[in-house]
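Visitor: Next comes the structure file my_file_15.tsv, holding TSV, C-alpha atoms.
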chain	number	residue	atom	x	y	z
A	545	MET	CA	203.39	64.92	131.78
A	546	SER	CA	204.76	67.67	133.95
A	547	GLU	CA	202.61	69.59	136.43
A	548	ALA	CA	203.12	72.78	134.44
A	549	VAL	CA	201.74	71.23	131.25
A	550	CYS	CA	198.65	69.95	133.11
A	551	LYS	CA	197.90	73.40	134.49
A	552	ASP	CA	198.29	74.89	131.03
A	553	ASN	CA	195.73	72.39	129.63
A	554	ASP	CA	193.28	73.24	132.43
A	555	ILE	CA	193.62	76.92	131.64
A	556	GLN	CA	193.02	76.23	127.95
A	557	ARG	CA	189.82	74.26	128.77
A	558	ALA	CA	188.63	76.97	131.12
A	559	LEU	CA	189.22	79.63	128.46
A	560	ALA	CA	187.26	77.54	125.94
A	561	ASP	CA	184.37	77.20	128.43
A	562	VAL	CA	184.39	80.96	129.00
A	563	GLU	CA	184.31	81.55	125.23
A	564	LYS	CA	181.38	79.11	124.88
A	565	ALA	CA	179.51	80.76	127.70
A	566	SER	CA	180.12	84.19	126.19
A	567	GLU	CA	178.70	82.99	122.90
A	568	GLY	CA	175.63	81.69	124.78
A	569	VAL	CA	175.17	85.09	126.40
A	570	ARG	CA	175.40	86.82	123.01
A	571	VAL	CA	172.77	84.45	121.52
A	572	ALA	CA	170.50	84.98	124.54
A	573	ALA	CA	170.90	88.76	124.27
A	574	GLY	CA	169.92	88.59	120.59
A	575	ALA	CA	166.88	86.45	121.40
A	576	LEU	CA	165.87	88.87	124.14
A	577	GLN	CA	166.16	91.82	121.77
A	578	LEU	CA	164.00	90.00	119.19
A	579	ALA	CA	161.44	89.09	121.85
A	580	GLU	CA	161.29	92.73	122.98
A	581	LYS	CA	160.72	93.88	119.41
A	582	ASN	CA	157.94	91.27	118.95
A	583	LEU	CA	156.35	92.37	122.21
A	584	GLU	CA	156.45	96.02	121.10
A	585	ARG	CA	154.83	95.07	117.77
A	586	ALA	CA	152.14	92.98	119.50
A	587	GLU	CA	151.35	95.85	121.88
A	588	ALA	CA	151.06	98.26	118.95
A	589	GLU	CA	148.72	95.87	117.11
A	590	LEU	CA	146.59	95.45	120.23
A	591	LYS	CA	146.32	99.22	120.68
A	592	ASP	CA	145.41	99.64	117.02
A	593	ALA	CA	142.75	96.92	117.22
A	594	ARG	CA	141.25	98.53	120.32
A	595	GLU	CA	141.12	101.98	118.74
A	596	ARG	CA	140.04	100.94	115.24
A	597	PRO	CA	136.23	100.87	114.68
A	598	ARG	CA	134.92	97.32	114.78
A	599	THR	CA	133.41	96.02	111.57
A	600	PHE	CA	130.68	93.40	111.79
A	601	ARG	CA	127.63	92.08	109.96
A	602	VAL	CA	123.99	92.68	110.76
A	603	ASN	CA	120.88	91.06	109.28
A	604	ILE	CA	118.14	93.32	107.94
A	605	LEU	CA	114.54	92.12	107.43
A	606	TYR	CA	112.15	93.83	105.02
A	607	ASN	CA	108.77	92.39	103.98
A	608	GLY	CA	109.91	88.80	104.54
A	609	LEU	CA	113.33	89.14	102.89
A	610	LYS	CA	116.71	89.11	104.64
A	611	ARG	CA	119.94	90.88	103.64
A	612	GLU	CA	123.33	90.85	105.38
A	613	ILE	CA	125.05	94.22	105.63
A	614	ASP	CA	128.52	95.21	106.83
A	615	ALA	CA	128.42	97.79	109.61
A	616	LYS	CA	130.88	99.63	111.83
A	617	SER	CA	130.35	100.32	115.49
A	618	ASP	CA	131.23	104.00	115.09
A	619	GLU	CA	128.98	104.73	112.09
A	620	LEU	CA	125.64	106.49	112.50
A	621	VAL	CA	122.35	104.62	112.40
A	622	LYS	CA	121.30	106.76	109.43
A	623	VAL	CA	124.27	105.42	107.43
A	624	LEU	CA	123.21	101.84	108.14
A	625	LEU	CA	119.60	102.80	107.32
A	626	ALA	CA	120.69	104.14	103.90
A	627	CYS	CA	122.67	100.93	103.23
A	628	ALA	CA	119.68	98.82	104.30
A	629	ILE	CA	117.30	100.69	101.99
A	630	ALA	CA	119.78	100.33	99.10
A	631	ALA	CA	120.12	96.59	99.81
A	632	PHE	CA	116.45	96.05	99.01
A	633	GLY	CA	116.56	97.89	95.69
A	634	SER	CA	115.07	101.26	95.09
A	635	LEU	CA	112.43	101.80	97.77
A	636	PRO	CA	110.35	104.92	97.11
A	637	ASN	CA	109.72	107.27	100.05
A	638	PRO	CA	112.66	106.00	102.12
A	639	HIS	CA	112.01	108.72	104.71
A	640	THR	CA	109.05	106.67	105.97
A	641	LEU	CA	111.30	103.71	106.86
A	642	SER	CA	113.28	103.20	110.04
A	643	LEU	CA	115.34	100.48	111.68
A	644	PHE	CA	113.87	98.61	114.66
A	645	THR	CA	115.20	95.92	116.94
A	646	LYS	CA	113.36	92.60	117.11
A	647	ASP	CA	111.76	93.72	120.36
A	648	GLY	CA	110.37	96.85	118.72
A	649	ARG	CA	112.82	99.58	119.76
A	650	GLU	CA	113.34	102.18	117.03
A	651	LEU	CA	117.00	103.12	116.45
A	652	LYS	CA	117.69	106.85	116.52
A	653	ASP	CA	119.25	108.20	113.33
A	654	ASP	CA	121.90	110.35	114.98
A	655	GLN	CA	123.29	107.69	117.32
A	656	THR	CA	126.26	105.49	116.46
A	657	LEU	CA	125.60	101.77	116.26
A	658	HIS	CA	127.64	101.39	119.46
A	659	GLU	CA	125.47	103.98	121.23
A	660	ALA	CA	122.34	102.33	119.85
A	661	GLY	CA	123.48	99.01	121.30
A	662	VAL	CA	123.66	97.20	117.95
A	663	LYS	CA	125.63	93.96	118.30
A	664	PRO	CA	127.42	91.83	115.67
A	665	CYS	CA	125.05	89.44	113.86
A	666	GLU	CA	122.03	91.24	115.30
A	667	THR	CA	118.79	91.13	113.28
A	668	LEU	CA	117.17	94.50	112.62
A	669	LEU	CA	113.85	95.30	110.98
A	670	LEU	CA	113.51	97.81	108.16
A	671	ARG	CA	109.88	98.90	108.30
A	672	PRO	CA	107.60	101.93	108.35
A	673	GLY	CA	107.38	103.84	111.59
A	674	ALA	CA	103.59	103.93	111.26
A	675	VAL	CA	101.01	102.10	109.15
A	676	LYS	CA	97.61	103.68	108.89
A	677	GLY	CA	94.93	104.63	106.46
A	678	GLY	CA	91.43	105.87	106.16
A	679	GLU	CA	89.04	108.20	104.51
A	680	LYS	CA	89.98	111.10	106.81
B	147	MET	CA	103.97	95.11	86.63
B	148	SER	CA	102.66	92.69	89.28
B	149	ARG	CA	99.59	90.54	88.72
B	150	PHE	CA	98.10	88.38	91.44
B	151	LEU	CA	95.78	85.41	91.50
B	152	VAL	CA	93.28	85.52	94.37
B	153	ARG	CA	90.91	82.67	95.13
B	154	GLN	CA	87.29	83.75	95.70
B	155	GLU	CA	87.53	81.99	99.07
B	156	LEU	CA	90.20	84.53	100.14
B	157	LEU	CA	88.09	87.43	98.92
B	158	ASP	CA	85.16	86.03	100.96
B	159	GLN	CA	87.46	85.78	103.99
B	160	THR	CA	88.57	89.38	103.44
B	161	PHE	CA	85.00	90.63	103.48
B	162	ARG	CA	84.18	88.53	106.56
B	163	HIS	CA	87.01	90.28	108.43
B	164	PHE	CA	85.74	93.67	107.26
B	165	ARG	CA	82.23	92.91	108.53
B	166	GLN	CA	83.19	91.23	111.80
B	167	CYS	CA	85.89	93.72	112.77
B	168	GLY	CA	84.39	96.88	111.30
B	169	GLY	CA	80.75	96.06	112.01
B	170	GLY	CA	79.69	98.50	109.30
B	171	ARG	CA	80.89	101.36	111.51
B	172	ARG	CA	84.68	101.27	111.53
B	173	GLU	CA	87.39	100.90	108.92
B	174	CYS	CA	89.33	97.65	108.85
B	175	GLN	CA	92.50	96.39	107.15
B	176	VAL	CA	93.73	93.01	105.95
B	177	LEU	CA	96.91	92.02	104.14
B	178	TRP	CA	97.17	89.62	101.22
B	179	ILE	CA	100.21	87.42	101.56
B	180	SER	CA	102.11	84.98	99.36
B	181	PRO	CA	105.37	83.06	99.69
B	182	TRP	CA	108.51	84.52	98.15
B	183	HIS	CA	109.09	81.37	96.12
B	184	SER	CA	105.75	81.91	94.38
B	185	PRO	CA	104.70	85.53	94.89
B	186	GLY	CA	102.04	85.69	92.17
B	187	ALA	CA	99.43	83.54	93.92
B	188	ILE	CA	97.93	84.98	97.10
B	189	THR	CA	97.74	82.21	99.68
B	190	GLU	CA	96.64	83.90	102.86
B	191	VAL	CA	94.64	86.78	104.31
B	192	VAL	CA	96.12	88.30	107.46
B	193	HIS	CA	93.89	90.50	109.59
B	194	SER	CA	96.23	93.13	111.00
B	195	ARG	CA	95.83	94.12	114.64
B	196	HIS	CA	94.67	97.71	114.41
B	197	CYS	CA	92.58	100.36	116.00
B	198	GLY	CA	89.67	101.14	113.69
B	199	ARG	CA	87.33	104.12	113.72
B	200	PRO	CA	84.70	105.46	111.30
B	201	GLY	CA	87.25	107.50	109.34
B	202	GLY	CA	90.42	105.46	109.56
B	203	PHE	CA	92.58	102.81	111.22
B	204	HIS	CA	96.04	102.58	112.77
B	205	VAL	CA	98.04	99.33	112.85
B	206	ASP	CA	99.39	98.31	116.26
B	207	ASP	CA	103.15	98.88	116.34
B	208	ALA	CA	104.05	95.83	118.47
B	209	TRP	CA	101.96	93.60	116.21
B	210	LEU	CA	103.67	95.03	113.12
B	211	ASN	CA	107.11	94.32	114.58
B	212	ALA	CA	106.25	90.70	115.39
B	213	PHE	CA	104.57	90.27	112.00
B	214	TRP	CA	107.70	91.56	110.22
B	215	VAL	CA	109.82	88.95	111.97
B	216	ASP	CA	107.27	86.21	111.23
B	217	LEU	CA	107.23	87.07	107.52
B	218	ALA	CA	110.99	86.55	107.30
B	219	TRP	CA	110.83	83.39	109.40
B	220	THR	CA	108.19	81.85	107.12
B	221	GLY	CA	109.45	83.22	103.78
B	222	ARG	CA	106.31	85.19	102.99
B	223	GLY	CA	105.68	88.77	101.85
B	224	VAL	CA	102.82	91.26	101.75
B	225	ARG	CA	101.64	91.83	98.17
B	226	VAL	CA	98.44	93.83	98.65
B	227	GLN	CA	97.03	95.85	101.53
B	228	ALA	CA	93.25	96.07	101.56
B	229	HIS	CA	91.10	98.30	103.73
B	230	THR	CA	87.61	99.74	103.84
B	231	HIS	CA	86.17	103.22	103.55
B	232	PRO	CA	82.74	104.24	104.88
B	233	PHE	CA	81.34	105.22	101.50
B	234	GLU	CA	83.29	105.63	98.26
B	235	ALA	CA	86.57	103.81	97.68
B	236	PHE	CA	89.56	106.04	96.89
B	237	HIS	CA	93.09	106.68	98.16
B	238	SER	CA	93.25	109.41	100.78
B	239	GLU	CA	96.35	111.37	101.77
B	240	THR	CA	96.72	109.09	104.79
B	241	ASP	CA	96.46	106.02	102.55
B	242	ASP	CA	99.17	107.49	100.32
B	243	ALA	CA	101.52	108.35	103.16
B	244	PHE	CA	101.44	105.31	105.45
B	245	PRO	CA	101.41	102.00	103.54
B	246	ILE	CA	102.89	98.87	105.10
B	247	VAL	CA	105.27	98.26	102.18
B	248	GLN	CA	107.19	100.87	100.18
B	249	THR	CA	108.29	98.73	97.26
B	250	THR	CA	107.61	99.90	93.71
B	251	GLY	CA	104.58	97.99	92.38
B	252	PHE	CA	103.03	97.41	95.80
B	253	LEU	CA	99.22	97.44	95.59
B	254	SER	CA	96.63	99.06	97.84
B	255	LEU	CA	93.00	98.01	97.49
B	256	VAL	CA	90.15	100.07	98.98
B	257	ILE	CA	86.67	98.60	99.43
B	258	PRO	CA	83.60	100.88	99.79
B	259	ASP	CA	80.75	100.81	102.35
B	260	PHE	CA	82.89	99.31	105.14
B	261	GLY	CA	82.95	96.08	103.11
B	262	THR	CA	79.30	95.36	103.79
B	263	GLY	CA	78.52	94.58	100.13
B	264	ALA	CA	78.95	91.28	98.31
B	265	PRO	CA	82.55	89.99	98.25
B	266	SER	CA	83.76	91.31	94.89
B	267	LEU	CA	85.92	94.01	93.33
B	268	GLU	CA	82.81	96.02	92.32
B	269	ARG	CA	83.30	99.75	93.09
B	270	SER	CA	86.69	98.96	94.59
B	271	PHE	CA	89.73	101.19	94.08
B	272	LEU	CA	93.25	99.96	93.38
B	273	ALA	CA	96.44	102.02	93.54
B	274	GLU	CA	100.06	101.06	92.92
B	275	ILE	CA	103.27	102.68	94.20
B	276	SER	CA	105.30	104.05	91.32
B	277	ALA	CA	109.09	104.25	91.12
B	278	THR	CA	108.94	107.93	92.06
B	279	GLY	CA	106.96	107.17	95.22
B	280	GLY	CA	103.60	108.42	94.02
B	281	TRP	CA	100.48	106.28	93.62
B	282	THR	CA	99.01	105.35	90.26
B	283	VAL	CA	95.34	104.44	89.91
B	284	ILE	CA	94.90	100.99	88.36
B	285	GLU	CA	91.84	99.13	87.12
B	286	PRO	CA	91.54	96.43	89.83
B	287	ARG	CA	90.88	93.56	87.43
B	288	SER	CA	94.00	94.38	85.45
B	289	ARG	CA	96.13	93.24	88.40
B	290	LEU	CA	93.88	91.06	90.50
B	291	THR	CA	92.43	87.92	88.99
B	292	ILE	CA	89.72	86.41	91.17
B	293	MET	CA	89.53	82.63	90.72
B	294	PRO	CA	86.61	80.40	91.73
I'd like the structure from this file rewritten - as structure tokens, please.

Guide:
Amino acid sequence: MSEAVCKDNDIQRALADVEKASEGVRVAAGALQLAEKNLERAEAELKDARERPRTFRVNILYNGLKREIDAKSDELVKVLLACAIAAFGSLPNPHTLSLFTKDGRELKDDQTLHEAGVKPCETLLLRPGAVKGGEK
Amino acid sequence: MSRFLVRQELLDQTFRHFRQCGGGRRECQVLWISPWHSPGAITEVVHSRHCGRPGGFHVDDAWLNAFWVDLAWTGRGVRVQAHTHPFEAFHSETDDAFPIVQTTGFLSLVIPDFGTGAPSLERSFLAEISATGGWTVIEPRSRLTIMP
């Protein structure tokens, strides 16, 4: 084989390597673009999850019975109170009932559950704010 | 319509609380309890922690909170609240407004003379919460059967 033919073969191999490398770059660029899109989507989902009100369950106790109720961190205590009263059937005079924590703190109607410090799976008591009686 | 069986022994215990706590001078309250799996038979008398005076009583808030948790823990419920009056038994405005349970059909029993008489339903007064939130006067023996 002449020297000229050998050089020509080397050039052909080098060109093929360049072509292969270029293809690799194109594939990598595509993968990078896809990864960037996925990252953008993940960031958007994370932002949405952070901003969206959290939904969780709380346990409500009333006269020895327990009910589980769905609640949202941004809803008012009075909304949860209405749901709790409804969960135990029709309770007459609902205005006399309030929600209390297990350690006896009464939740304020106009606070959100987040502001009131209500946590997921927390147990709350539905009970009268006062129990009394007497002739006078 | 709820009917409850009450053993005479529990009625005796109820009157003992009224006498020991009230001393014939102050009002007193007890609660008649039964399990949720068998609500019709009263099984226990619970003497609420309260501040009593000649014309009324007020249940301790911390006690009520702990009691509410205990009821759920043990699967029991309050069926009847019973308290004394100095003289005649009736339901006052305070009795109407501040019961321990707000469920339709809940019963409130009032015993006259600070509970110093013989343990019975004689001259007692029974009221029941109606669906509209008012109280209906009931003949005590129509809902409470005292068993020997």

Visitor: Grab the atom CA of A:Asp618 to atom CA of A:Ala631 distance for me, in Å with one decimal place.

Guide: 20.3 Å

Visitor: Residues of chain A no more than 9 Å from chain B, counting only C-alpha atoms: send them over as a PyMOL selection string.

Guide: chain A and resi 605-610+632-638+640-641+644-648+669-680

Visitor: May I have the residues at most 12 Å from (85.5, 98.6, 96.2) in the file's coordinates, counting only C-alpha atoms, as JSON, numbers by chain?

Guide: {"B": [157, 161, 228, 229, 230, 231, 232, 233, 234, 235, 236, 237, 254, 255, 256, 257, 258, 259, 260, 261, 262, 263, 264, 265, 266, 267, 268, 269, 270, 271, 272, 273, 285, 286, 287]}

Visitor: Convert the current residue selection to file output with C-alpha atoms, as a CSV table (one decimal), in the frame of the given file.

Guide:
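What landed in selection26.csv:
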chain,number,residue,atom,x,y,z
B,157,LEU,CA,88.1,87.4,98.9
B,161,PHE,CA,85.0,90.6,103.5
B,228,ALA,CA,93.2,96.1,101.6
B,229,HIS,CA,91.1,98.3,103.7
B,230,THR,CA,87.6,99.7,103.8
B,231,HIS,CA,86.2,103.2,103.6
B,232,PRO,CA,82.7,104.2,104.9
B,233,PHE,CA,81.3,105.2,101.5
B,234,GLU,CA,83.3,105.6,98.3
B,235,ALA,CA,86.6,103.8,97.7
B,236,PHE,CA,89.6,106.0,96.9
B,237,HIS,CA,93.1,106.7,98.2
B,254,SER,CA,96.6,99.1,97.8
B,255,LEU,CA,93.0,98.0,97.5
B,256,VAL,CA,90.2,100.1,99.0
B,257,ILE,CA,86.7,98.6,99.4
B,258,PRO,CA,83.6,100.9,99.8
B,259,ASP,CA,80.8,100.8,102.4
B,260,PHE,CA,82.9,99.3,105.1
B,261,GLY,CA,83.0,96.1,103.1
B,262,THR,CA,79.3,95.4,103.8
B,263,GLY,CA,78.5,94.6,100.1
B,264,ALA,CA,79.0,91.3,98.3
B,265,PRO,CA,82.6,90.0,98.2
B,266,SER,CA,83.8,91.3,94.9
B,267,LEU,CA,85.9,94.0,93.3
B,268,GLU,CA,82.8,96.0,92.3
B,269,ARG,CA,83.3,99.8,93.1
B,270,SER,CA,86.7,99.0,94.6
B,271,PHE,CA,89.7,101.2,94.1
B,272,LEU,CA,93.2,100.0,93.4
B,273,ALA,CA,96.4,102.0,93.5
B,285,GLU,CA,91.8,99.1,87.1
B,286,PRO,CA,91.5,96.4,89.8
B,287,ARG,CA,90.9,93.6,87.4

Visitor: Would you compute the distance between atom CA of A:Glu666 and atom CA of A:Lys652? Give it in Å to one decimal.

Guide: 16.2 Å

Visitor: Given 5 Å of margin on each side, can you work out the centre and size in Å (one decimal) of an axis-aligned box holding every listed atom of stretch 205-213 of chain B, as lines of an AutoDock Vina configuration file?

Guide:
center_x = 102.6
center_y = 94.8
center_z = 115.2
size_x = 19.1
size_y = 19.1
size_z = 16.5

Visitor: Report, in Å to a single decimal, how far apart atom CA of B:Met293 and atom CA of B:Phe164 are.

Guide: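 Between atom CA of B:Phe164 and atom CA of B:Met293 the gap works out to 20.2 Å.
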
Visitor: Pick out the residues sitting within 8 Å of B:Leu290, and hand them over as a list of chain:residue names; count all atoms listed in the file, and ignore anything fewer than 4 positions along from it in its own chain.

Guide: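 Residues near the query, excluding close chain neighbours: B:Arg149, B:Phe150, B:Leu151, B:Val152, B:Pro286.
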